[in-house]
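Visitor: Quick one: structure below, then a few questions.
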There are 2 protein chains.
Amino acid sequence: MGKVWTAGLVVIGDEILSGRTQDKNIAQVASWLNVQGIRLRDVRVVPDVEERIVEAVNALRTGYDYCFTTGGIGPTHDDITVDAVAKALGVEVIVHPQARAILERYYETRGGLNEGRLRMARAPQGAELIPNKMSGAPGLKIGNLFLMAGVPHITAGMLDALTGTLEGGRPLVSVTLGAFAPESEVAELLRTTEKANEGVSIGSYPFFREGRVGANFVVRSEDQGQADAVAGTLAAGLAEAGYEPVAGGI
Amino acid sequence: MGKVWTAGLVVIGDEILSGRTQDKNIAQVASWLNVQGIRLRDVRVVPDVEERIVEAVNALRTGYDYCFTTGGIGPTHDDITVDAVAKALGVEVIVHPQARAILERYYETRGGLNEGRLRMARAPQGAELIPNKMSGAPGLKIGNLFLMAGVPHITAGMLDALTGTLEGGRPLVSVTLGAFAPESEVAELLRTTEKANEGVSIGSYPFFREGRVGANFVVRSEDQGQADAVAGTLAAGLAEAGYEPVAGGI
């Protein structure tokens with residue numbers, strides 16, 4: 001087995017911690033990372049408070065191969081991610097010339113640059129830009145840190161720009177089986193099947209639908225052949241226990 | 001100003017970190033806590049790995065007044081929250097007699113207790129139960145720790161059972177104003193308005209809708225009168241800048 005590449009994510013914003021906004025970036029970043037062959041191992045959600053951002057960024061950038069942040073790179077007073085990251089890295093905040101040029105061009109027909117807009121050209125010294133196809137302000141990349149927007153469709157564009165640029169390993173593949181089986185009836189089958197197959201994890205995700213309980217079972221492995229084989233074993237076990245396995249899940 | 005009561009949340013589960021499942025508990029727990037007069041200050045998402053759960057639970061239970069967990073209390077092999085919390089607290093895992101009785105009754109007409117189902121009666125020594133109206137297995141409460149289900153509608157039932165039982169302070173109230181104003185045009189207005197009003201925070205949440213950019217501005221305070229007054233100031237400032245403020249947001 002090769003190196004397993006890992007990442008952490010810091011979700012920045014009072015609006016997530018107040019419940020006002022339902023986070024969508026955790027799932028989005030997680031799915032994207034998996035395709036890059038990188039495993040998301042840690043997520044922290046922190047408020048718009050500099051010392052909390054510094055602490056989380058330092059913990060995750062040193063603990064994992066990559067550290068991503070979402071949120072706090074806009075034009076308003078509560079957008080303090082750039083300052084916090086510069087502090088975490090011990091570098092200055094500069095106005096990034098290329099970012100400034102992008103913003104000048106973007107706002108040329110939109111009222112011109114002002115103080116708030118110019119905030120979005122600020123960067124920790126040494127950062128490169130992550131293109132933003134959706135709106136003007138770019139994301140930032142410095143060392144193993146990637147600072148992205150908080151608005152999910154803008155984040156998506158930045159992830160898209162990063163696709164294929166980060167070194168990773170083999171993605172996890174998964175095979176899903178569903179059954180109208182209460183998971184508590186098949187827990188032992190899941191446990192023994194996972195235990196007998198090194199490198200495989202089996203997740204169990206119960207549901208209640210059309211008046212019946214059931215669960216989807218997700219077999220994960222770096223090896224498609226192994227995932228298929230273990231899913232086969234599990235399907236046989238479910239059938240033996242009297243539950244019809246449904247390939248692809250229910 | 002009285003004591004500000006705080007909480008942390010540990011979201012447990014590989015399915016969140018793999019991107020398979022979109023978390024809904026952060027927003028749900030956050031909103032519920034606010035009504036109880038408790039501020040969610042920290043969220044960590046961790047995999048189904050004992051040492052990671054132990055570490056996060058210990059960090060948050062000692063760092064805040066309350067610590068909540070979601071996930072990992074079901075019947076399968078990857079449900080290890082009870083073991084991890086017992087380890088974090090340095091207590092034994094016992095079979096809770098009351099939880100066992102509840103499960104016996106619940107499964108009486110559903111095939112009876114088996115090993116997997118009995119797992120859901122396990123508890124850190126000293127825990128009390130949090131009622132579960134949706135399915136059999138209860139949540140657990142021990143010290144300032146609250147262990148809840150991961151399936152959002154079951155979590156909701158457990159939160160409902162806890163409503164009004166936790167000591168808190170004054171809830172934050174919020175007043176929302178919307179405007180078809182690019183936030184970068186009004187950033188300075190937001191900053192100075194917030195700065196001039198101690199105890200108030202103003203969040204800015206941009207959107208792009210019907211071909212126009214705009215933002216909702218959320219004024220938060222413990223004091224309804226103050227929030228209303230500051231929202232009034234902000235509305236006047238928006239109008240002065242040529243943007244029609246819309247009470248309640250857009």
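Following the order of the structure tokens, first chain is A, next is B, and so on, with residues numbered from 1 inside each chain and ligands from 1 in the order they appear.
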Set the distance at 9 Å and use only C-alpha atoms: which residues neighbour Ser221 of chain A once local chain neighbours fewer than 2 positions away are removed? I'd like the list as a list in words.

Guide: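 What passes the distance filter is Pro171, Leu172, Val173, Ser174, Val175, Gly199, Val200, Ser201, Val219, Asp223, Gln224, Gly225, Gln226 and Ala227 of chain A.
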
Visitor: Restrict the calculation to only C-alpha atoms, then for each residue of chain A with any atom at most 6 Å from an atom of chain B give the closest atom pair and their distance in Å to one decimal, rows by chain and rising residue number, as a tab-separated table.

Guide:
residue	atom	partner	partner_atom	distance
A:Leu17	CA	B:Leu40	CA	5.7
A:Ser18	CA	B:Ala30	CA	5.4
A:Gly19	CA	B:Ala27	CA	4.1
A:Gln22	CA	B:Ala27	CA	5.5
A:Ala27	CA	B:Gly19	CA	4.1
A:Ala30	CA	B:Gly19	CA	4.8
A:Ser31	CA	B:Gly19	CA	4.8
A:Leu40	CA	B:Leu17	CA	5.7
A:Asp42	CA	B:Val46	CA	5.7
A:Val43	CA	B:Val45	CA	4.9
A:Arg44	CA	B:Arg44	CA	4.5
A:Val45	CA	B:Val43	CA	4.9
A:Val46	CA	B:Asp42	CA	5.7
A:Pro75	CA	B:Ser184	CA	5.3
A:Thr76	CA	B:Ala187	CA	4.8
A:His77	CA	B:Arg191	CA	5.3
A:Gly116	CA	B:Ser184	CA	5.1
A:Arg117	CA	B:Ser184	CA	5.3
A:Ser184	CA	B:Gly116	CA	5.1
A:Ala187	CA	B:Thr76	CA	4.8
A:Arg191	CA	B:His77	CA	5.4

Visitor: Please produce a file of those selected residues containing C-alpha atoms, as a PDB file, in the first residue's frame.

Guide:
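See part-v9.pdb below for the written result:
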ATOM      1  CA  LEU A  17     -22.110  28.127  14.341  1.00  0.00           C
ATOM      2  CA  SER A  18     -25.310  30.138  14.799  1.00  0.00           C
ATOM      3  CA  GLY A  19     -27.264  27.667  12.691  1.00  0.00           C
ATOM      4  CA  GLN A  22     -26.448  24.957   6.691  1.00  0.00           C
ATOM      5  CA  ALA A  27     -19.472  17.234   1.963  1.00  0.00           C
ATOM      6  CA  ALA A  30     -14.739  15.689   1.127  1.00  0.00           C
ATOM      7  CA  SER A  31     -16.099  14.253  -2.123  1.00  0.00           C
ATOM      8  CA  LEU A  40     -10.405  14.220   4.671  1.00  0.00           C
ATOM      9  CA  ASP A  42     -10.467  16.309  10.351  1.00  0.00           C
ATOM     10  CA  VAL A  43     -12.899  19.212  10.152  1.00  0.00           C
ATOM     11  CA  ARG A  44     -13.156  22.115  12.568  1.00  0.00           C
ATOM     12  CA  VAL A  45     -15.811  24.790  12.448  1.00  0.00           C
ATOM     13  CA  VAL A  46     -14.660  28.039  14.035  1.00  0.00           C
ATOM     14  CA  PRO A  75     -14.824  42.227   1.446  1.00  0.00           C
ATOM     15  CA  THR A  76     -16.455  42.798   4.841  1.00  0.00           C
ATOM     16  CA  HIS A  77     -15.125  43.426   8.351  1.00  0.00           C
ATOM     17  CA  GLY A 116     -13.840  46.835   0.731  1.00  0.00           C
ATOM     18  CA  ARG A 117     -13.113  45.378  -2.676  1.00  0.00           C
ATOM     19  CA  SER A 184     -29.256  -4.457  14.526  1.00  0.00           C
ATOM     20  CA  ALA A 187     -24.488  -6.102  12.963  1.00  0.00           C
ATOM     21  CA  ARG A 191     -18.437  -6.851  11.987  1.00  0.00           C
TER      22      ARG A 191
END

Visitor: Report the distance between atom CA of Tyr66 of chain A and atom CA of Leu145 of chain A in Å, rounded to one decimal place.

Guide: 6.2 Å

Visitor: I need the residues of segment 56-247 of chain A that end up classed as alpha helix (DSSP H) by DSSP on the backbone, written out as a PyMOL selection string.

Guide: chain A and resi 56-63+81-89+97-107+115-119+152-162+183-195+224-240

Visitor: How would the residues just chosen look if you wrote them out with C-alpha atoms as a PDB file, in the first residue's frame?

Guide:
ATOM      1  CA  ALA A  56      -7.303  25.529  13.976  1.00  0.00           C
ATOM      2  CA  VAL A  57      -5.183  26.300  10.898  1.00  0.00           C
ATOM      3  CA  ASN A  58      -1.972  25.538  12.768  1.00  0.00           C
ATOM      4  CA  ALA A  59      -3.356  22.274  14.138  1.00  0.00           C
ATOM      5  CA  LEU A  60      -4.521  21.027  10.757  1.00  0.00           C
ATOM      6  CA  ARG A  61      -1.736  22.301   8.473  1.00  0.00           C
ATOM      7  CA  THR A  62       0.844  20.546  10.663  1.00  0.00           C
ATOM      8  CA  GLY A  63      -1.271  17.441  11.269  1.00  0.00           C
ATOM      9  CA  THR A  81      -9.087  34.614   7.143  1.00  0.00           C
ATOM     10  CA  VAL A  82      -6.129  36.211   5.329  1.00  0.00           C
ATOM     11  CA  ASP A  83      -4.986  38.030   8.475  1.00  0.00           C
ATOM     12  CA  ALA A  84      -5.381  34.921  10.622  1.00  0.00           C
ATOM     13  CA  VAL A  85      -3.485  32.694   8.195  1.00  0.00           C
ATOM     14  CA  ALA A  86      -0.658  35.230   7.847  1.00  0.00           C
ATOM     15  CA  LYS A  87      -0.424  35.256  11.627  1.00  0.00           C
ATOM     16  CA  ALA A  88      -0.455  31.453  11.773  1.00  0.00           C
ATOM     17  CA  LEU A  89       2.414  31.324   9.276  1.00  0.00           C
ATOM     18  CA  PRO A  97      -0.499  42.564  -7.485  1.00  0.00           C
ATOM     19  CA  GLN A  98      -2.103  39.895  -9.660  1.00  0.00           C
ATOM     20  CA  ALA A  99      -5.196  39.738  -7.429  1.00  0.00           C
ATOM     21  CA  ARG A 100      -5.446  43.518  -7.521  1.00  0.00           C
ATOM     22  CA  ALA A 101      -5.261  43.473 -11.323  1.00  0.00           C
ATOM     23  CA  ILE A 102      -8.003  40.826 -11.491  1.00  0.00           C
ATOM     24  CA  LEU A 103     -10.241  42.867  -9.189  1.00  0.00           C
ATOM     25  CA  GLU A 104      -9.580  46.096 -11.114  1.00  0.00           C
ATOM     26  CA  ARG A 105     -10.645  44.390 -14.306  1.00  0.00           C
ATOM     27  CA  TYR A 106     -13.661  42.706 -12.660  1.00  0.00           C
ATOM     28  CA  TYR A 107     -14.937  45.927 -11.071  1.00  0.00           C
ATOM     29  CA  GLU A 115     -11.638  49.885   0.155  1.00  0.00           C
ATOM     30  CA  GLY A 116     -13.840  46.835   0.731  1.00  0.00           C
ATOM     31  CA  ARG A 117     -13.113  45.378  -2.676  1.00  0.00           C
ATOM     32  CA  LEU A 118      -9.409  45.998  -2.300  1.00  0.00           C
ATOM     33  CA  ARG A 119      -9.507  43.890   0.877  1.00  0.00           C
ATOM     34  CA  PRO A 152     -20.635  26.875  -1.970  1.00  0.00           C
ATOM     35  CA  HIS A 153     -20.871  27.494  -5.726  1.00  0.00           C
ATOM     36  CA  ILE A 154     -17.796  29.731  -5.589  1.00  0.00           C
ATOM     37  CA  THR A 155     -15.971  27.111  -3.526  1.00  0.00           C
ATOM     38  CA  ALA A 156     -16.947  24.571  -6.202  1.00  0.00           C
ATOM     39  CA  GLY A 157     -15.338  26.682  -8.920  1.00  0.00           C
ATOM     40  CA  MET A 158     -12.123  26.964  -6.908  1.00  0.00           C
ATOM     41  CA  LEU A 159     -12.014  23.206  -6.293  1.00  0.00           C
ATOM     42  CA  ASP A 160     -12.519  22.710  -9.997  1.00  0.00           C
ATOM     43  CA  ALA A 161      -9.531  24.976 -10.685  1.00  0.00           C
ATOM     44  CA  LEU A 162      -7.427  22.847  -8.320  1.00  0.00           C
ATOM     45  CA  GLU A 183     -29.047  -3.017  11.020  1.00  0.00           C
ATOM     46  CA  SER A 184     -29.256  -4.457  14.526  1.00  0.00           C
ATOM     47  CA  GLU A 185     -30.100  -7.857  12.929  1.00  0.00           C
ATOM     48  CA  VAL A 186     -26.998  -7.912  10.747  1.00  0.00           C
ATOM     49  CA  ALA A 187     -24.488  -6.102  12.963  1.00  0.00           C
ATOM     50  CA  GLU A 188     -22.537  -9.291  13.644  1.00  0.00           C
ATOM     51  CA  LEU A 189     -22.350 -10.123   9.916  1.00  0.00           C
ATOM     52  CA  LEU A 190     -20.986  -6.635   9.194  1.00  0.00           C
ATOM     53  CA  ARG A 191     -18.437  -6.851  11.987  1.00  0.00           C
ATOM     54  CA  THR A 192     -17.057 -10.267  11.032  1.00  0.00           C
ATOM     55  CA  THR A 193     -16.983  -9.433   7.315  1.00  0.00           C
ATOM     56  CA  GLU A 194     -15.025  -6.243   7.938  1.00  0.00           C
ATOM     57  CA  LYS A 195     -12.680  -7.965  10.372  1.00  0.00           C
ATOM     58  CA  GLN A 224     -12.015  -2.158  -6.660  1.00  0.00           C
ATOM     59  CA  GLY A 225     -11.585  -5.948  -6.907  1.00  0.00           C
ATOM     60  CA  GLN A 226     -11.451  -6.282  -3.133  1.00  0.00           C
ATOM     61  CA  ALA A 227     -14.485  -3.998  -2.651  1.00  0.00           C
ATOM     62  CA  ASP A 228     -16.475  -6.048  -5.176  1.00  0.00           C
ATOM     63  CA  ALA A 229     -15.444  -9.347  -3.610  1.00  0.00           C
ATOM     64  CA  VAL A 230     -16.306  -8.230  -0.068  1.00  0.00           C
ATOM     65  CA  ALA A 231     -19.636  -6.820  -1.255  1.00  0.00           C
ATOM     66  CA  GLY A 232     -20.290 -10.276  -2.770  1.00  0.00           C
ATOM     67  CA  THR A 233     -19.555 -11.969   0.553  1.00  0.00           C
ATOM     68  CA  LEU A 234     -21.823  -9.516   2.337  1.00  0.00           C
ATOM     69  CA  ALA A 235     -24.629 -10.024  -0.200  1.00  0.00           C
ATOM     70  CA  ALA A 236     -24.419 -13.788   0.323  1.00  0.00           C
ATOM     71  CA  GLY A 237     -24.540 -13.295   4.092  1.00  0.00           C
ATOM     72  CA  LEU A 238     -27.577 -11.034   3.850  1.00  0.00           C
ATOM     73  CA  ALA A 239     -29.390 -13.530   1.621  1.00  0.00           C
ATOM     74  CA  GLU A 240     -28.559 -16.336   4.041  1.00  0.00           C
TER      75      GLU A 240
END

Visitor: Which of segment 103-228 of chain B end up as strand (DSSP E or B) when DSSP is run on this backbone - answer as a ChimeraX atom specification?

Guide: /B:122-124,128-130,139-142,145-148,173-179,201-209,212-221

Visitor: Write the residues you've just listed into a file as a PDB file, in the first residue's frame, and include C-alpha atoms for each of them.

Guide:
ATOM      1  CA  ARG B 122     -24.147   0.099  26.905  1.00  0.00           C
ATOM      2  CA  ALA B 123     -23.232   3.334  28.673  1.00  0.00           C
ATOM      3  CA  PRO B 124     -20.331   4.977  30.446  1.00  0.00           C
ATOM      4  CA  GLU B 128     -28.395   8.946  32.551  1.00  0.00           C
ATOM      5  CA  LEU B 129     -30.653   8.366  29.569  1.00  0.00           C
ATOM      6  CA  ILE B 130     -31.915  10.895  27.023  1.00  0.00           C
ATOM      7  CA  GLY B 139     -29.128   8.951  24.100  1.00  0.00           C
ATOM      8  CA  LEU B 140     -26.881   9.420  27.094  1.00  0.00           C
ATOM      9  CA  LYS B 141     -26.020  12.251  29.432  1.00  0.00           C
ATOM     10  CA  ILE B 142     -23.020  12.199  31.717  1.00  0.00           C
ATOM     11  CA  LEU B 145     -21.635  15.542  27.974  1.00  0.00           C
ATOM     12  CA  PHE B 146     -24.642  14.676  25.813  1.00  0.00           C
ATOM     13  CA  LEU B 147     -24.356  11.711  23.449  1.00  0.00           C
ATOM     14  CA  MET B 148     -26.966  11.769  20.706  1.00  0.00           C
ATOM     15  CA  VAL B 173     -31.649  37.663  18.924  1.00  0.00           C
ATOM     16  CA  SER B 174     -31.146  38.693  15.353  1.00  0.00           C
ATOM     17  CA  VAL B 175     -32.689  41.225  13.005  1.00  0.00           C
ATOM     18  CA  THR B 176     -32.184  40.724   9.276  1.00  0.00           C
ATOM     19  CA  LEU B 177     -32.118  43.386   6.572  1.00  0.00           C
ATOM     20  CA  GLY B 178     -31.668  42.665   2.896  1.00  0.00           C
ATOM     21  CA  ALA B 179     -30.640  44.894   0.028  1.00  0.00           C
ATOM     22  CA  SER B 201     -22.219  41.636  15.602  1.00  0.00           C
ATOM     23  CA  ILE B 202     -23.244  42.197  11.996  1.00  0.00           C
ATOM     24  CA  GLY B 203     -22.953  39.349   9.511  1.00  0.00           C
ATOM     25  CA  SER B 204     -23.099  39.859   5.762  1.00  0.00           C
ATOM     26  CA  TYR B 205     -24.375  37.054   3.514  1.00  0.00           C
ATOM     27  CA  PRO B 206     -24.122  37.789  -0.186  1.00  0.00           C
ATOM     28  CA  PHE B 207     -26.372  36.245  -2.813  1.00  0.00           C
ATOM     29  CA  PHE B 208     -26.871  36.333  -6.569  1.00  0.00           C
ATOM     30  CA  ARG B 209     -30.530  36.157  -7.523  1.00  0.00           C
ATOM     31  CA  ARG B 212     -28.690  40.810  -9.407  1.00  0.00           C
ATOM     32  CA  VAL B 213     -26.201  40.671  -6.571  1.00  0.00           C
ATOM     33  CA  GLY B 214     -27.205  41.560  -3.053  1.00  0.00           C
ATOM     34  CA  ALA B 215     -26.717  40.588   0.547  1.00  0.00           C
ATOM     35  CA  ASN B 216     -28.598  39.952   3.743  1.00  0.00           C
ATOM     36  CA  PHE B 217     -27.233  41.662   6.822  1.00  0.00           C
ATOM     37  CA  VAL B 218     -27.875  40.013  10.174  1.00  0.00           C
ATOM     38  CA  VAL B 219     -27.605  42.154  13.305  1.00  0.00           C
ATOM     39  CA  ARG B 220     -27.124  39.983  16.401  1.00  0.00           C
ATOM     40  CA  SER B 221     -27.335  41.043  20.024  1.00  0.00           C
TER      41      SER B 221
END

Visitor: Could you work out how far atom CA of Arg170 of chain B lies from atom CA of Gly37 of chain B, giving the answer in Å with one decimal?

Guide: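 Computed distance, atom CA of Gly37 of chain B to atom CA of Arg170 of chain B, equals 4.8 Å.
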
Visitor: Quote the spacing between atom CA of Ile94 of chain A and atom CA of Tyr64 of chain A in Å to one decimal place.

Guide: 26.5 Å

Visitor: Counting only C-alpha atoms, which of A:Gly126, A:Gly169, A:Gly211, A:Gly71 gets nearest to Ile12 of chain A?

Guide: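 Ranking A:Gly126, A:Gly169, A:Gly211, A:Gly71 by distance to Ile12 of chain A, first place goes to A:Gly71.
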